[in-house]
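Source file: my_file.txt. Holds: compact mmCIF, C-alpha atoms.
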```txt
# COMPACT_ATOMS: atom_id res chain seq x y z
CA MET A 251 0.00 0.00 0.00
CA ALA A 252 2.91 2.35 0.84
CA HIS A 253 4.24 1.74 -2.63
CA ASN A 254 0.83 2.63 -4.08
CA ASP A 255 0.71 5.80 -1.99
CA ASN A 256 4.06 6.91 -3.34
CA ASP A 257 2.95 6.17 -6.89
CA SER A 258 -0.25 8.12 -6.31
CA ARG A 259 1.64 11.05 -4.88
CA MET A 260 4.06 11.12 -7.78
CA ALA A 261 1.21 10.91 -10.26
CA ALA A 262 -0.62 13.70 -8.46
CA GLN A 263 2.50 15.83 -8.43
CA GLN A 264 2.97 15.24 -12.14
CA GLU A 265 -0.63 16.17 -12.81
CA PHE A 266 -0.21 19.32 -10.76
CA GLU A 267 2.99 20.28 -12.58
CA LEU A 268 1.26 19.74 -15.89
CA LEU A 269 -1.62 22.00 -14.85
CA VAL A 270 0.72 24.71 -13.64
CA SER A 271 2.83 24.53 -16.82
CA ARG A 272 -0.21 24.69 -19.02
CA TYR A 273 -2.15 27.49 -17.34
CA TYR A 274 0.03 29.62 -15.10
CA SER A 275 0.98 32.19 -17.74
CA THR A 276 -2.54 32.81 -19.12
CA LEU A 277 -3.93 32.84 -15.58
CA TYR A 278 -1.31 35.41 -14.65
CA GLN A 279 -2.09 37.51 -17.75
CA PHE A 280 -5.79 37.39 -16.91
CA ALA A 281 -4.99 38.34 -13.31
CA PHE A 282 -2.77 41.19 -14.45
CA SER A 283 -5.42 42.52 -16.81
CA LEU A 284 -7.84 42.64 -13.86
CA ALA A 285 -5.57 43.80 -11.05
CA ARG A 286 -3.06 45.76 -13.18
CA ASN A 287 -0.14 45.24 -10.88
CA GLU A 288 2.37 42.45 -10.57
CA ASP A 289 2.01 41.73 -6.86
CA ASP A 290 -1.73 41.22 -7.00
CA ALA A 291 -1.50 39.24 -10.23
CA ARG A 292 1.09 36.95 -8.59
CA ASP A 293 -1.05 36.52 -5.48
CA LEU A 294 -4.15 35.75 -7.50
CA THR A 295 -2.35 33.15 -9.61
CA GLN A 296 -0.81 31.49 -6.57
CA GLN A 297 -4.06 31.55 -4.63
CA THR A 298 -5.78 29.90 -7.55
CA PHE A 299 -3.40 26.98 -7.57
CA TYR A 300 -3.56 26.80 -3.79
CA ALA A 301 -7.34 26.53 -4.08
CA TRP A 302 -6.88 23.78 -6.62
CA ALA A 303 -4.57 21.90 -4.24
CA ARG A 304 -7.20 22.08 -1.51
CA LYS A 305 -10.42 21.71 -3.45
CA GLY A 306 -9.54 20.53 -6.94
CA HIS A 307 -10.42 16.94 -6.03
CA GLN A 308 -14.04 18.06 -5.67
CA LEU A 309 -14.24 18.72 -9.38
CA ARG A 310 -16.01 15.73 -10.87
CA ASP A 311 -15.64 16.62 -14.56
CA ARG A 312 -11.91 16.79 -15.22
CA SER A 313 -12.47 18.39 -18.62
CA LYS A 314 -13.58 21.52 -16.74
CA VAL A 315 -10.24 22.12 -15.03
CA LYS A 316 -9.38 25.18 -17.13
CA THR A 317 -12.77 26.78 -16.53
CA TRP A 318 -12.51 25.94 -12.82
CA LEU A 319 -9.11 27.66 -12.54
CA PHE A 320 -10.23 30.84 -14.32
CA THR A 321 -13.50 30.95 -12.38
CA THR A 322 -11.63 30.61 -9.11
CA LEU A 323 -9.17 33.33 -10.05
CA TYR A 324 -12.01 35.66 -11.01
CA HIS A 325 -13.80 35.06 -7.72
CA GLU A 326 -10.58 35.58 -5.78
CA PHE A 327 -10.14 38.88 -7.61
CA LEU A 328 -13.68 40.03 -6.82
CA GLU A 329 -13.21 39.01 -3.21
CA LYS A 330 -9.92 40.86 -2.90
CA LYS A 331 -11.41 43.94 -4.46
CA ARG A 332 -14.46 43.82 -2.24
CA ARG A 333 -12.25 43.73 0.82
CA ARG A 334 -10.33 46.80 -0.32
CA ILE A 335 -13.15 49.08 -1.36
CA ARG A 336 -16.82 48.83 -1.74
CA PHE A 337 -16.78 49.51 -5.43
CA PRO A 338 -19.66 51.25 -7.19
CA HIS A 339 -22.15 49.31 -9.21
CA TYR A 340 -22.14 50.30 -12.84
CA GLU A 341 -25.34 50.17 -14.76
CA LEU A 342 -24.82 48.85 -18.25
CA SER A 343 -25.22 51.81 -20.51
CA ALA A 344 -26.73 51.36 -23.90
CA VAL A 345 -24.28 50.64 -26.69
CA ASP A 346 -23.20 53.71 -28.49
CA GLN A 347 -25.19 53.53 -31.65
CA ASP A 348 -22.26 54.71 -33.75
CA LEU A 349 -19.84 51.82 -33.66
CA PRO A 350 -16.50 53.62 -33.61
CA ASN A 351 -13.68 52.88 -35.93
CA VAL A 352 -10.09 53.13 -34.77
CA SER A 353 -7.74 54.57 -37.32
CA PRO A 354 -4.79 52.49 -38.56
CA ALA A 355 -2.45 55.12 -37.06
CA THR A 356 -3.92 54.58 -33.59
CA THR A 357 -3.82 50.83 -34.05
CA ASN A 358 -0.13 50.97 -34.94
CA GLN A 359 0.67 52.83 -31.72
CA LEU A 360 -0.98 50.31 -29.38
CA ASP A 361 1.13 48.60 -26.76
CA SER A 362 0.38 46.62 -23.61
CA GLY A 363 0.60 49.68 -21.37
CA THR A 364 -1.84 51.72 -23.43
CA VAL A 365 -4.24 48.82 -23.77
CA LEU A 366 -4.23 48.06 -20.04
CA GLN A 367 -4.73 51.71 -19.13
CA SER A 368 -7.68 51.85 -21.50
CA LEU A 369 -9.05 48.59 -20.17
CA ALA A 370 -8.94 50.05 -16.67
CA ARG A 371 -11.20 52.88 -17.80
CA LEU A 372 -13.88 50.56 -19.15
CA ASP A 373 -17.06 49.92 -17.21
CA GLU A 374 -16.19 47.13 -14.77
CA THR A 375 -18.75 44.81 -16.26
CA PHE A 376 -16.81 44.79 -19.53
CA GLN A 377 -13.29 44.28 -18.17
CA ALA A 378 -13.22 40.57 -17.37
CA PRO A 379 -15.21 39.46 -20.47
CA LEU A 380 -12.87 41.47 -22.72
CA SER A 381 -9.71 40.13 -21.07
CA LEU A 382 -10.88 36.55 -21.51
CA PHE A 383 -11.95 37.34 -25.07
CA TYR A 384 -8.54 38.72 -26.03
CA LEU A 385 -6.56 36.02 -24.24
CA GLN A 386 -8.23 33.73 -26.79
CA ASP A 387 -8.03 30.65 -24.62
CA HIS A 388 -11.77 30.38 -24.13
CA SER A 389 -14.88 29.89 -26.17
CA TYR A 390 -17.85 32.19 -25.50
CA LYS A 391 -19.50 29.36 -23.57
CA GLU A 392 -16.43 28.96 -21.35
CA ILE A 393 -16.34 32.71 -20.70
CA ALA A 394 -20.00 32.52 -19.68
CA ASP A 395 -19.21 29.67 -17.27
CA ILE A 396 -16.20 31.45 -15.78
CA LEU A 397 -18.10 34.67 -15.15
CA GLY A 398 -21.35 32.95 -14.21
CA ILE A 399 -23.45 34.94 -16.66
CA PRO A 400 -25.63 33.84 -19.59
CA LEU A 401 -24.04 33.33 -23.02
CA GLY A 402 -26.07 36.14 -24.61
CA THR A 403 -24.89 38.55 -21.92
CA VAL A 404 -21.27 37.57 -22.61
CA LYS A 405 -21.64 38.29 -26.31
CA SER A 406 -23.34 41.59 -25.67
CA ARG A 407 -20.77 42.68 -23.07
CA ILE A 408 -17.90 41.82 -25.40
CA SER A 409 -19.38 43.82 -28.29
CA ARG A 410 -20.16 46.76 -26.07
CA GLY A 411 -16.81 46.49 -24.34
CA ILE A 412 -14.91 46.60 -27.64
CA ALA A 413 -16.93 49.63 -28.74
CA GLN A 414 -16.17 51.39 -25.47
CA LEU A 415 -12.48 50.43 -25.64
CA GLN A 416 -12.24 51.92 -29.12
CA GLN A 417 -13.87 55.13 -27.94
CA ILE A 418 -11.43 55.39 -25.04
CA LEU A 419 -8.45 54.79 -27.31
CA MET A 420 -9.67 57.38 -29.82
CA ARG A 421 -10.30 59.93 -27.06
CA GLY A 422 -6.81 59.23 -25.68
CA LYS A 423 -5.34 59.74 -29.14
CA ARG A 424 -7.16 63.04 -29.63
CA ALA A 425 -6.14 64.25 -26.16
CA GLY A 426 -2.55 63.24 -26.87
CA ASN A 427 -2.57 65.15 -30.14
CA GLY A 428 -4.07 68.17 -28.42
CA ARG A 429 -1.35 68.23 -25.78
CA ARG A 430 1.40 67.97 -28.35
CA GLU A 431 -0.02 70.90 -30.28
CA GLU A 432 -0.21 73.24 -27.28
CA PRO A 433 3.39 74.52 -27.25
CA ASN A 434 3.06 75.73 -30.81
CA GLY A 435 -0.31 77.41 -30.26
CA MET B 840 -28.58 40.35 -42.13
CA ASP B 841 -27.93 43.97 -43.02
CA SER B 842 -24.61 45.77 -42.92
CA ARG B 843 -25.24 47.15 -39.45
CA GLN B 844 -26.05 43.71 -37.99
CA ALA B 845 -23.04 42.21 -39.75
CA LYS B 846 -20.83 44.90 -38.23
CA GLU B 847 -22.10 44.12 -34.74
CA MET B 848 -21.34 40.44 -35.26
CA LEU B 849 -17.90 41.08 -36.72
CA MET B 850 -17.00 43.32 -33.79
CA ARG B 851 -16.37 40.19 -31.75
CA TYR B 852 -15.05 37.87 -34.42
CA ARG B 853 -11.68 36.23 -33.66
CA PRO B 854 -9.95 35.14 -36.88
CA GLU B 855 -7.56 32.65 -35.24
CA THR B 856 -10.37 30.66 -33.68
CA THR B 857 -12.92 28.29 -35.21
CA GLU B 858 -15.64 30.89 -34.87
CA GLY B 859 -15.69 31.45 -38.64
CA ALA B 860 -17.45 28.09 -38.94
CA ASP B 861 -20.24 29.34 -36.67
CA PRO B 862 -23.24 30.09 -38.96
CA GLU B 863 -23.90 33.51 -37.42
CA PHE B 864 -20.30 34.61 -38.08
CA ALA B 865 -20.22 32.92 -41.50
CA GLU B 866 -23.13 35.03 -42.68
CA ALA B 867 -21.52 38.24 -41.40
CA LEU B 868 -18.20 37.32 -43.04
CA GLU B 869 -19.99 36.72 -46.33
CA GLN B 870 -21.67 40.11 -46.01
CA ALA B 871 -18.22 41.73 -45.51
CA ARG B 872 -17.00 40.08 -48.71
CA ARG B 873 -19.97 41.44 -50.68
CA ASP B 874 -20.07 44.96 -49.23
CA PRO B 875 -16.87 46.96 -50.02
CA GLU B 876 -17.49 49.57 -47.34
CA LEU B 877 -18.11 46.94 -44.68
CA GLY B 878 -15.08 45.05 -46.01
CA ARG B 879 -12.84 48.09 -45.49
CA TRP B 880 -14.16 48.61 -41.98
CA PHE B 881 -13.63 44.93 -41.20
CA ALA B 882 -10.02 45.00 -42.45
CA GLU B 883 -9.26 47.92 -40.11
CA HIS B 884 -11.14 46.30 -37.26
CA ARG B 885 -9.18 43.07 -37.67
CA ALA B 886 -5.93 45.00 -37.51
CA PHE B 887 -7.17 46.64 -34.31
CA GLN B 888 -8.19 43.30 -32.79
CA THR B 889 -4.82 41.78 -33.69
CA ALA B 890 -3.00 44.68 -32.06
CA ILE B 891 -4.99 44.33 -28.84
CA ARG B 892 -4.49 40.57 -28.77
CA GLU B 893 -0.75 41.02 -29.27
CA SER B 894 -0.71 43.49 -26.37
CA PHE B 895 -2.23 40.81 -24.15
CA LYS B 896 0.29 38.23 -25.32
CA GLN B 897 3.11 40.66 -24.53
CA LEU B 898 2.10 40.93 -20.87
CA HIS B 899 5.24 39.89 -19.07
CA VAL B 900 4.91 36.83 -16.85
CA PRO B 901 7.44 36.76 -13.97
CA ALA B 902 10.13 34.20 -14.69
CA ASP B 903 10.06 32.69 -11.19
CA LEU B 904 6.30 32.39 -10.85
CA LYS B 905 5.98 28.80 -12.02
CA ASP B 906 8.78 27.57 -9.76
CA ARG B 907 7.30 29.40 -6.81
CA ILE B 908 3.91 27.82 -7.29
CA LEU B 909 5.42 24.36 -7.63
CA ALA B 910 7.66 24.87 -4.62
CA GLU B 911 4.77 25.82 -2.35
CA TYR B 912 2.76 22.63 -2.67
CA ARG B 913 3.48 19.24 -1.27
CA PRO B 914 2.29 16.16 -3.14
CA ALA B 915 0.23 15.15 -0.10
CA ASP B 916 -1.87 18.26 -0.60
CA ILE B 917 -2.82 17.35 -4.09
CA VAL B 918 -3.55 13.65 -4.23
CA ALA B 919 -6.26 13.35 -6.83
CA TRP B 920 -9.48 11.81 -5.56
CA TRP B 921 -9.38 8.83 -7.87
CA ARG B 922 -5.85 8.05 -6.77
CA ARG B 923 -6.47 8.20 -3.05
CA ALA B 924 -5.51 4.94 -1.34
CA ALA B 925 -9.00 4.38 0.01
CA PHE B 926 -10.65 4.90 -3.34
CA PRO B 927 -10.63 1.28 -4.63
CA ALA B 928 -12.27 0.03 -1.41
CA LEU B 929 -14.78 2.88 -1.46
CA ALA B 930 -15.53 2.24 -5.12
CA ALA B 931 -16.20 -1.45 -4.41
CA ALA B 932 -18.46 -0.56 -1.49
CA ALA B 933 -20.27 1.98 -3.64
CA ALA B 934 -20.80 -0.59 -6.39
CA ILE B 935 -22.34 -3.05 -3.91
CA ALA B 936 -24.51 -0.30 -2.42
CA LEU B 937 -25.60 0.68 -5.92
CA LEU B 938 -26.55 -2.90 -6.72
CA ILE B 939 -28.59 -3.20 -3.52
CA GLY B 940 -30.12 0.18 -4.22
CA LEU B 941 -31.14 -0.87 -7.71
CA VAL B 942 -32.81 -4.03 -6.43
CA LEU B 943 -34.70 -2.06 -3.78
CA PHE B 944 -35.53 0.67 -6.25
CA ARG B 945 -37.08 -1.81 -8.67
CA SER B 946 -39.21 -3.34 -5.95
CA GLN B 947 -40.48 -0.10 -4.44
CA PRO B 948 -42.50 2.80 -5.84
CA GLU B 949 -40.62 6.12 -6.03
CA ASP B 950 -40.83 7.91 -2.69
CA ARG B 951 -41.53 11.57 -3.32
CA SER B 952 -42.28 12.52 0.28
CA PHE B 953 -40.68 15.46 2.01
CA ALA B 954 -39.04 13.07 4.51
CA SER B 955 -37.33 11.26 1.64
CA PHE B 956 -36.17 14.54 0.12
CA GLN B 957 -34.84 15.86 3.42
CA ASN B 958 -33.07 12.61 4.17
CA ARG B 959 -31.46 12.53 0.75
CA VAL B 960 -30.18 16.11 0.66
CA VAL B 961 -28.90 16.15 4.24
CA ARG B 962 -27.08 12.89 3.68
CA THR B 963 -25.57 14.36 0.51
CA ALA B 964 -23.94 17.00 2.68
CA GLN B 965 -22.44 14.29 4.87
CA ARG B 966 -21.41 11.81 2.24
CA GLY B 967 -19.14 14.16 0.34
CA TYR B 968 -20.32 16.54 -2.30
CA VAL B 969 -18.92 18.62 -5.11
CA MET B 970 -19.40 22.36 -5.13
CA ASP B 971 -19.87 23.84 -8.58
CA ILE B 972 -18.21 27.08 -7.47
CA THR B 973 -16.35 28.03 -4.34
CA THR B 974 -16.74 31.62 -3.24
CA SER B 975 -17.57 33.49 -0.08
CA ASN B 976 -19.68 35.99 -1.96
CA LEU B 977 -23.42 35.38 -1.66
CA THR B 978 -24.22 37.58 -4.66
CA ASP B 979 -21.91 35.53 -6.87
CA ILE B 980 -23.58 32.37 -5.59
CA ARG B 981 -27.03 33.68 -6.42
CA GLN B 982 -25.85 34.79 -9.88
CA TYR B 983 -24.30 31.40 -10.54
CA LEU B 984 -27.50 29.59 -9.58
CA GLU B 985 -29.56 31.94 -11.72
CA ALA B 986 -27.26 31.43 -14.71
CA HIS B 987 -27.58 27.67 -14.29
CA GLU B 988 -31.37 27.73 -14.04
CA ALA B 989 -31.46 26.64 -10.42
CA HIS B 990 -33.52 28.26 -7.65
CA ALA B 991 -31.95 31.68 -7.14
CA ASP B 992 -34.89 33.77 -5.89
CA TYR B 993 -34.68 32.29 -2.40
CA VAL B 994 -35.08 34.50 0.67
CA LEU B 995 -32.32 34.06 3.22
CA PRO B 996 -33.08 34.55 6.90
CA ALA B 997 -31.29 37.72 8.05
CA PRO B 998 -28.73 35.91 10.28
CA LEU B 999 -27.78 33.59 7.43
CA GLU B 1000 -27.34 36.51 5.08
CA LYS B 1001 -24.60 37.86 7.33
CA LEU B 1002 -22.46 34.73 7.02
CA PRO B 1003 -19.83 34.35 4.30
CA GLY B 1004 -20.60 31.72 1.72
CA GLU B 1005 -18.46 28.71 0.91
CA GLY B 1006 -19.90 27.91 -2.49
CA CYS B 1007 -22.87 26.28 -4.11
CA ALA B 1008 -24.02 23.40 -6.26
CA VAL B 1009 -26.99 22.52 -8.37
CA LEU B 1010 -28.45 19.14 -7.36
CA ARG B 1011 -31.24 17.01 -8.81
CA TRP B 1012 -33.89 15.13 -6.85
CA ARG B 1013 -36.55 13.14 -8.68
CA ASN B 1014 -35.92 15.21 -11.81
CA ASN B 1015 -36.37 18.43 -9.86
CA THR B 1016 -33.69 21.04 -9.36
CA VAL B 1017 -32.39 21.74 -5.86
CA SER B 1018 -30.03 24.61 -5.03
CA MET B 1019 -27.42 23.86 -2.39
CA ILE B 1020 -25.70 26.83 -0.75
CA CYS B 1021 -22.88 26.36 1.74
CA PHE B 1022 -22.12 28.89 4.47
CA ASP B 1023 -19.17 29.30 6.78
CA ALA B 1024 -20.58 29.62 10.30
CA GLY B 1025 -17.08 29.91 11.78
CA GLN B 1026 -15.03 27.51 13.89
CA ARG B 1027 -14.91 25.03 11.00
CA ASN B 1028 -18.66 24.76 11.11
CA ASP B 1029 -20.41 24.63 7.75
CA LEU B 1030 -24.11 25.17 7.21
CA TYR B 1031 -25.91 23.75 4.19
CA LEU B 1032 -29.07 25.31 2.83
CA PHE B 1033 -31.12 23.35 0.30
CA VAL B 1034 -33.79 25.17 -1.67
CA ALA B 1035 -36.52 23.36 -3.59
CA ARG B 1036 -39.81 24.31 -5.22
CA ARG B 1037 -42.58 24.06 -2.62
CA SER B 1038 -45.02 22.51 -5.08
CA ASP B 1039 -42.59 19.60 -5.59
CA LEU B 1040 -42.90 18.78 -1.88
CA PRO B 1041 -46.57 19.12 -0.90
CA ASP B 1042 -46.10 17.62 2.57
CA ALA B 1043 -43.21 19.94 3.54
CA PRO B 1044 -43.71 21.81 6.84
CA SER B 1045 -44.56 25.52 6.83
CA GLU B 1046 -43.05 26.31 10.21
CA PRO B 1047 -39.52 25.17 11.15
CA GLN B 1048 -39.35 21.52 12.14
CA PHE B 1049 -36.21 19.88 13.43
CA SER B 1050 -34.80 16.43 12.94
CA ARG B 1051 -31.51 14.65 13.37
CA ILE B 1052 -30.14 12.97 10.24
CA GLY B 1053 -26.84 11.20 10.70
CA LYS B 1054 -24.41 13.63 12.27
CA LEU B 1055 -26.35 16.73 11.24
CA THR B 1056 -29.36 18.53 12.61
CA ALA B 1057 -31.81 19.79 10.01
CA ALA B 1058 -34.40 22.54 10.20
CA SER B 1059 -37.04 22.58 7.47
CA TRP B 1060 -39.64 25.17 6.62
CA SER B 1061 -41.51 26.66 3.67
CA ALA B 1062 -42.05 30.24 2.66
CA GLY B 1063 -43.48 31.70 -0.52
CA ASP B 1064 -43.05 29.17 -3.30
CA LYS B 1065 -39.92 27.61 -1.77
CA THR B 1066 -39.13 24.89 0.73
CA TYR B 1067 -35.90 25.20 2.69
CA VAL B 1068 -33.78 22.68 4.57
CA LEU B 1069 -30.92 24.05 6.67
CA ALA B 1070 -28.48 21.48 8.00
CA GLY B 1071 -25.41 21.72 10.17
CA ARG B 1072 -23.47 20.21 13.03
CA GLY B 1073 -24.78 21.32 16.36
CA ASP B 1074 -28.11 21.09 18.06
CA GLU B 1075 -31.54 22.60 17.51
CA GLN B 1076 -30.62 25.64 19.56
CA PHE B 1077 -27.63 26.31 17.32
CA LEU B 1078 -29.69 26.09 14.14
CA ARG B 1079 -32.42 28.33 15.55
CA ARG B 1080 -29.93 31.24 15.42
CA TYR B 1081 -30.05 31.12 11.64
CA LEU B 1082 -33.77 30.70 11.05
CA PRO B 1083 -36.27 33.36 9.96
```
With the file now loaded, output its structure as structure tokens.
Amino acid sequence: MAHNDNDSRMAAQQEFELLVSRYYSTLYQFAFSLARNEDDARDLTQQTFYAWARKGHQLRDRSKVKTWLFTTLYHEFLEKKRRRIRFPHYELSAVDQDLPNVSPATTNQLDSGTVLQSLARLDETFQAPLSLFYLQDHSYKEIADILGIPLGTVKSRISRGIAQLQQILMRGKRAGNGRREEPNG
Amino acid sequence: MDSRQAKEMLMRYRPETTEGADPEFAEALEQARRDPELGRWFAEHRAFQTAIRESFKQLHVPADLKDRILAEYRPADIVAWWRRAAFPALAAAAAIALLIGLVLFRSQPEDRSFASFQNRVVRTAQRGYVMDITTSNLTDIRQYLEAHEAHADYVLPAPLEKLPGEGCAVLRWRNNTVSMICFDAGQRNDLYLFVARRSDLPDAPSEPQFSRIGKLTAASWSAGDKTYVLAGRGDEQFLRRYLP
């Protein structure tokens, strides 16, 4: 039996290492896109795997491991945030009827910093769906499961989130241009 | 599908995925091929989407993170349930119990009484259960249950509402949905609330009634269109603190 225990432990350790190798970087990137700082993103990623170590065995359907990990991370994030501040509830505003178009010049200037800053200015309801959408590791159905919202709501929030992100980027571009022009004016 | 609808669809199209095979995207993509103006917008939009995606991919992941995670866990913490030493014996016992259960089941009519329901759900809490989500946030729990078409419009007694959650699960009993919500009552004491449709359990009590089932005490009552069973370790007096 002792021999079996050791085998089981080794197998479990291998499974755990495989899970960590496969998901730690996208989990961290998702965490960073939500928390926007390295310390919190690290904590969230580590807490997620800690939760798996304690409670992962409760997951009956092993094909849902990825969804379980992202769901757990998202809940940890919400919990952490709730402890820090009681954040305001944002009503979903109607989609801007004019779907904006970002110019190729603005697109060419995008980098991670700009994108994350813009993401931070989105309505909170759009932030997590958009991060999961752009990480491209999840289907719409998986995003719905992770966030615990209906599929139709996910699709709508992603569309509206992209529209709002484009508006923010365009406004940032115009403001940037304005500032650069001031010294000459 | 007009140009406007196609644009709304294409807003969230991801070229590197299999979404192009999805009929709703396929139609919008076809529209973009036919309509030059929409096609131009789509080309620019794709460039924008690619740039954002690349920005996400460029997010730097700390080099030591993986090693840290691996270093912090001992194998004993993470023995998978199907590899636990006791599992083969438990599986054999479960198979025998299942066989006996099937024989009894075939010889008896289905018991749909409240007593049967209460016994079943409270024993579920003792036998080992799987939570669908684990969170301390009661709003998240309610949202999860709502999204999964389980009972989510339950009314929590005020004292219970003040406790942090542990998680929740959607159970089935006689083809009916039952919501299971777990609470952390402190001092390693969990409380389990089961919510069912009152009309599924016509003989359920209206006012709280107490019973002892295995190691747990259960309080059961009905209010509105719901029947509730609250179970936990401790006696009747302990449970009364959390009732309406």
Self-check item: Residues within 12 Å of segment 408-411 of chain A, only C-alpha atoms, excluding chain neighbours under 3 positions, as JSON, numbers by chain
Solution: {"A": [342, 343, 344, 345, 346, 347, 348, 349, 350, 368, 369, 370, 371, 372, 373, 374, 375, 376, 377, 378, 379, 380, 381, 382, 383, 384, 390, 393, 394, 401, 402, 403, 404, 405, 414, 415, 416, 417, 418], "B": [844, 846, 847, 848, 849, 850, 851, 852, 853]}
Practice problem: Would you please work out which residue, of B:Asp1042, B:Asp1064, B:Asp861, B:Glu1075, is nearest to chain A when using all atoms listed in the file? | Solution: B:Asp861
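Among the candidate residues B:Ser1050, B:Gln888, B:Ser894, B:Thr856, the one lying nearest to Leu360 of chain A is B:Ser894, with distances computed using all atoms listed in the file.
Relative to atom CA of Arg1037 of chain B, atom CA of Trp1060 of chain B is found at 9.8 Å.
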Within 7 Å of chain B, which residues of chain A show up when using all atoms listed in the file, listed as a PDB file with C-alpha atoms, in the coordinates of the input?
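Saved file out.pdb follows:
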```pdb
ATOM      1  CA  ASP A 255       0.710   5.800  -1.990  1.00  0.00           C
ATOM      2  CA  SER A 258      -0.250   8.120  -6.310  1.00  0.00           C
ATOM      3  CA  ARG A 259       1.640  11.050  -4.880  1.00  0.00           C
ATOM      4  CA  ALA A 262      -0.620  13.700  -8.460  1.00  0.00           C
ATOM      5  CA  GLN A 263       2.500  15.830  -8.430  1.00  0.00           C
ATOM      6  CA  GLU A 267       2.990  20.280 -12.580  1.00  0.00           C
ATOM      7  CA  VAL A 270       0.720  24.710 -13.640  1.00  0.00           C
ATOM      8  CA  TYR A 274       0.030  29.620 -15.100  1.00  0.00           C
ATOM      9  CA  SER A 275       0.980  32.190 -17.740  1.00  0.00           C
ATOM     10  CA  TYR A 278      -1.310  35.410 -14.650  1.00  0.00           C
ATOM     11  CA  GLN A 279      -2.090  37.510 -17.750  1.00  0.00           C
ATOM     12  CA  GLN A 296      -0.810  31.490  -6.570  1.00  0.00           C
ATOM     13  CA  ALA A 303      -4.570  21.900  -4.240  1.00  0.00           C
ATOM     14  CA  ARG A 304      -7.200  22.080  -1.510  1.00  0.00           C
ATOM     15  CA  HIS A 307     -10.420  16.940  -6.030  1.00  0.00           C
ATOM     16  CA  GLN A 308     -14.040  18.060  -5.670  1.00  0.00           C
ATOM     17  CA  LEU A 309     -14.240  18.720  -9.380  1.00  0.00           C
ATOM     18  CA  HIS A 325     -13.800  35.060  -7.720  1.00  0.00           C
ATOM     19  CA  PRO A 354      -4.790  52.490 -38.560  1.00  0.00           C
ATOM     20  CA  THR A 357      -3.820  50.830 -34.050  1.00  0.00           C
ATOM     21  CA  LEU A 360      -0.980  50.310 -29.380  1.00  0.00           C
ATOM     22  CA  ASP A 361       1.130  48.600 -26.760  1.00  0.00           C
ATOM     23  CA  SER A 362       0.380  46.620 -23.610  1.00  0.00           C
ATOM     24  CA  VAL A 365      -4.240  48.820 -23.770  1.00  0.00           C
ATOM     25  CA  TYR A 384      -8.540  38.720 -26.030  1.00  0.00           C
ATOM     26  CA  LEU A 385      -6.560  36.020 -24.240  1.00  0.00           C
ATOM     27  CA  GLY A 398     -21.350  32.950 -14.210  1.00  0.00           C
ATOM     28  CA  ILE A 399     -23.450  34.940 -16.660  1.00  0.00           C
ATOM     29  CA  PRO A 400     -25.630  33.840 -19.590  1.00  0.00           C
ATOM     30  CA  ILE A 408     -17.900  41.820 -25.400  1.00  0.00           C
ATOM     31  CA  SER A 409     -19.380  43.820 -28.290  1.00  0.00           C
TER      32      SER A 409
END
```
Practice problem: Choose the residue, out of B:Ile939, B:Asp1039, B:Leu999, B:Cys1007, that has the smallest atom-to-atom separation from Leu1078 of chain B; count all atoms listed in the file. | Solution: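 Nearest to Leu1078 of chain B: B:Leu999.
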Quiz item: Interatomic distance between atom CA of Thr1056 of chain B and atom CA of Tyr1031 of chain B?
Solution: 10.5 Å
Quiz item: When you draw a straight line from atom CA of Ser952 of chain B to atom CA of Ala991 of chain B, how long is it in Å?
Solution: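 Between atom CA of Ser952 of chain B and atom CA of Ala991 of chain B the gap works out to 23.0 Å.
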Could you write out as AutoDock Vina command-line options the box around segment 376-391 of chain A (axis-aligned, all atoms listed in the file, 8 Å on each side), with centre and edge lengths in Å to one decimal?
```
--center_x -13.0 --center_y 37.1 --center_z -22.1 --size_x 28.9 --size_y 31.4 --size_z 25.4
```
Self-check item: Closest of B:Val1009, B:Leu1082, B:Glu869, B:Glu949 to Pro996 of chain B - atom-to-atom distances counting only C-alpha atoms
Solution: B:Leu1082
